[in-house]
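Trainee: The structure that follows is given in the form of structure tokens.
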Amino acid sequence: MSQVLGKPQPQGEDGGDDEEEDELVGLAGYEDGPESSDAELDSGPEEGVLDFSDPFSTEVKPRILLMGLRRSGKSSIQKVVFHKMSPSETLFLESTNRICREDVSNSSFVNFQIWDFPGQIDFFDPTFDYEMIFRGTGALIFVIDSQDDYMEALARLHLTVTRAYKVNTDINFEVFIHKVDGLSDDHKIETQRDIHQRANDDLADAGLEKIHLSFYLTSIYDHSIFEAFSKVVQKLIPQLPTLENLLNIFISNSGIEKAFLFDVVSKIYIATDSTPVDMQTYELCCDMIDVVIDISCIYGLKEDGAGAPYDKDSTAIIKLNNTTVLYLKEVTKFLALVCFVREESFERKGLIDYNFHCFRKAIHEVFEVRMKMVKSRKAQSRLPKKTGATPNGTPRVLL
Ligand SMILES: Nc1nc2c(ncn2[C@@H]2O[C@H](COP(=O)(O)OP(=O)(O)OP(=O)(O)O)[C@@H](O)[C@H]2O)c(=O)[nH]1
């Protein structure tokens, strides 16, 4: 195994993205969670800052809501996926008693908010403006504890989904059948079938069969939670077809078996080529990222601790004993490409590197287009509204 590790840039959980300071959402009456990265929720929209009433704000940062009954595992999911908390530490998590909002701005693509709702909150309380929340939501993740009696959770899911759909028909409804580590394989399938059937029957009875629910079997004790989150996030990335296309072109011209574009911090894969994803392959890629970052943190930083574990020189090659090579390369500040290559194809490393160079350039162009779009829309939203009279006194409606 050989590792060539790069130098680092400071990279907090919130990514420290430039865009970060421009994103702010106002929600009166609820406090930010302790780990939340930006301004107080109850501060109103500031000048030049995007807010709920700006339709573009959700495009810049699609909102993901994490909902479910008490103790279903919502906070644990958030901590494990975005804060590198080890699953066993979640046993000591205290119950959430207020809405925690977190901005995840690891990359320009994985750029969204997560709202963790305390289990006991009655969000249909008249003082709770759920319409405002659902209006700007991209995905609603409803977590069901599969080790518990799930009848109450199903009733709550139905209520939540129907209310949310009334406000916003574009929300993706994602159901995490969670804590499946405690179930046998047969029991897992049976539970999924039962929950799927009951949830869809409830919707059909209400005449809402057009609402689509996606189901995932998840656990924080394996990679299933990362895989499920990857799929949820991918649905919110408008550039996904472009990224997939670029990956397909890259692997077919380089003799690569499989390639993933990873968000390094969360280990969410934001795109992959069109060949099927095999869980073991995905797990190996996640492990490779951990190894690279951990070794780089231990041995790659300067003596005074300066630098960061991941930068433009970050690259790693791991040769497995089954004639497969894992190849990791930096694509952007926050994204890495991890490829599975056969040993014989890896002999043409020069070709792979050249194609990678072109691929990387294309990804940067995709970013640039997006950034330009974001900037010009922000600039437009800052222009004073053209109402009232023109300088010569003619009402604008007459022009
Ligand atoms: N076995 C198992 N336990 C889990 C899993 N995810 C979370 N838990 C446990 O479930 C318990 C509740 O987790 P929390 O994350 O606090 O649940 P919550 O939904 O945020 O709860 P509230 O804050 O009360 O709404 C903790 O003891 C976790 O360790 C999982 O995938 N498998």
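Residues in the structure tokens are numbered from 1 in each chain, the chains being A, B, ... in the order shown, and ligands are numbered from 1 in the order shown.
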Please return as a PyMOL selection string the residues found within 6 Å of ligand 1, counting only C-alpha atoms and all ligand atoms.
Mentor: chain A and resi 70-76+90-91+93-96+118-119+178-179+181-182+219-221
Trainee: Pick out the residues sitting within 8 Å of region 132-141 of chain A, and hand them over as a list in words; count only C-alpha atoms, and ignore anything fewer than 6 positions along from it in its own chain.
Mentor: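 In the requested format, the answer is Phe52, Pro55, Ser57, Thr58, Pro62, Arg63, Ile64, Leu65, Leu66, Met67, Ala164, Val167, Asn168, Asp170, Ile171, Asn172, Phe173, Glu174, Val175, Phe176, Val232 and Leu236 of chain A.
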Trainee: Region 202-216 of chain A: which residues within 12 Å, counting only C-alpha atoms, same-chain residues fewer than 2 positions away excluded, as an MDAnalysis selection string?
Mentor: chainID A and resid 139:144 146 151 154:166 168:180 188:189 191:200 218:219 224:232 235
Trainee: Looking only at the backbone, which of the residues in region 256-330 of chain A does DSSP tag as alpha helix (DSSP H), as a VMD selection string?
Mentor: chain A and resid 279 to 295
Trainee: Would you put the residues from that selection into a file with N, CA and C atoms, as an mmCIF file, in the first residue's frame?
Mentor:
```cif
data_model
loop_
_atom_site.group_PDB
_atom_site.id
_atom_site.type_symbol
_atom_site.label_atom_id
_atom_site.label_comp_id
_atom_site.auth_asym_id
_atom_site.auth_seq_id
_atom_site.Cartn_x
_atom_site.Cartn_y
_atom_site.Cartn_z
ATOM 1 N N MET A 279 -22.744 -2.598 -2.303
ATOM 2 C CA MET A 279 -22.515 -2.058 -0.947
ATOM 3 C C MET A 279 -21.062 -2.239 -0.490
ATOM 4 N N GLN A 280 -20.484 -3.394 -0.815
ATOM 5 C CA GLN A 280 -19.102 -3.647 -0.363
ATOM 6 C C GLN A 280 -18.117 -2.679 -1.009
ATOM 7 N N THR A 281 -18.370 -2.387 -2.280
ATOM 8 C CA THR A 281 -17.502 -1.445 -2.993
ATOM 9 C C THR A 281 -17.586 -0.073 -2.317
ATOM 10 N N TYR A 282 -18.811 0.315 -2.024
ATOM 11 C CA TYR A 282 -19.029 1.609 -1.385
ATOM 12 C C TYR A 282 -18.328 1.650 -0.021
ATOM 13 N N GLU A 283 -18.453 0.547 0.739
ATOM 14 C CA GLU A 283 -17.816 0.498 2.069
ATOM 15 C C GLU A 283 -16.301 0.607 1.971
ATOM 16 N N LEU A 284 -15.745 -0.054 0.961
ATOM 17 C CA LEU A 284 -14.291 0.018 0.775
ATOM 18 C C LEU A 284 -13.853 1.448 0.484
ATOM 19 N N CYS A 285 -14.641 2.130 -0.329
ATOM 20 C CA CYS A 285 -14.299 3.526 -0.659
ATOM 21 C C CYS A 285 -14.350 4.386 0.596
ATOM 22 N N CYS A 286 -15.401 4.186 1.422
ATOM 23 C CA CYS A 286 -15.512 4.959 2.673
ATOM 24 C C CYS A 286 -14.303 4.679 3.552
ATOM 25 N N ASP A 287 -13.926 3.398 3.645
ATOM 26 C CA ASP A 287 -12.776 3.046 4.490
ATOM 27 C C ASP A 287 -11.511 3.700 3.956
ATOM 28 N N MET A 288 -11.388 3.741 2.635
ATOM 29 C CA MET A 288 -10.188 4.341 2.051
ATOM 30 C C MET A 288 -10.105 5.834 2.431
ATOM 31 N N ILE A 289 -11.231 6.516 2.348
ATOM 32 C CA ILE A 289 -11.230 7.943 2.705
ATOM 33 C C ILE A 289 -10.806 8.103 4.166
ATOM 34 N N ASP A 290 -11.351 7.253 5.038
ATOM 35 C CA ASP A 290 -10.973 7.326 6.462
ATOM 36 C C ASP A 290 -9.479 7.123 6.648
ATOM 37 N N VAL A 291 -8.933 6.108 5.960
ATOM 38 C CA VAL A 291 -7.500 5.805 6.105
ATOM 39 C C VAL A 291 -6.668 7.008 5.647
ATOM 40 N N VAL A 292 -7.021 7.549 4.487
ATOM 41 C CA VAL A 292 -6.249 8.670 3.927
ATOM 42 C C VAL A 292 -6.295 9.873 4.866
ATOM 43 N N ILE A 293 -7.500 10.224 5.319
ATOM 44 C CA ILE A 293 -7.628 11.406 6.174
ATOM 45 C C ILE A 293 -6.938 11.159 7.525
ATOM 46 N N ASP A 294 -7.130 9.960 8.084
ATOM 47 C CA ASP A 294 -6.522 9.694 9.404
ATOM 48 C C ASP A 294 -4.992 9.724 9.328
ATOM 49 N N ILE A 295 -4.435 9.054 8.326
ATOM 50 C CA ILE A 295 -2.970 9.037 8.221
ATOM 51 C C ILE A 295 -2.457 10.444 7.941
#
```
Trainee: Could you check how far CA of Arg360 (chain A) sits from CA of Leu246 (chain A), in Å to one decimal?
Mentor: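 Distance between the two atoms: 9.5 Å.
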Trainee: Could you check which of A:Phe112, A:Phe356, A:Tyr310, A:Phe128 is closest to Gly255 (chain A), using only C-alpha atoms?
Mentor: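 Checking each candidate against Gly255 (chain A), we get A:Phe356 as the closest.
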Trainee: List every residue of region 118-346 of chain A that DSSP, applied to the backbone, labels as strand (DSSP E), and write the result as a ChimeraX atom specification.
Mentor: /A:137-145,172-178,213-217,256-263,268-272,315-319,324-330,335-342
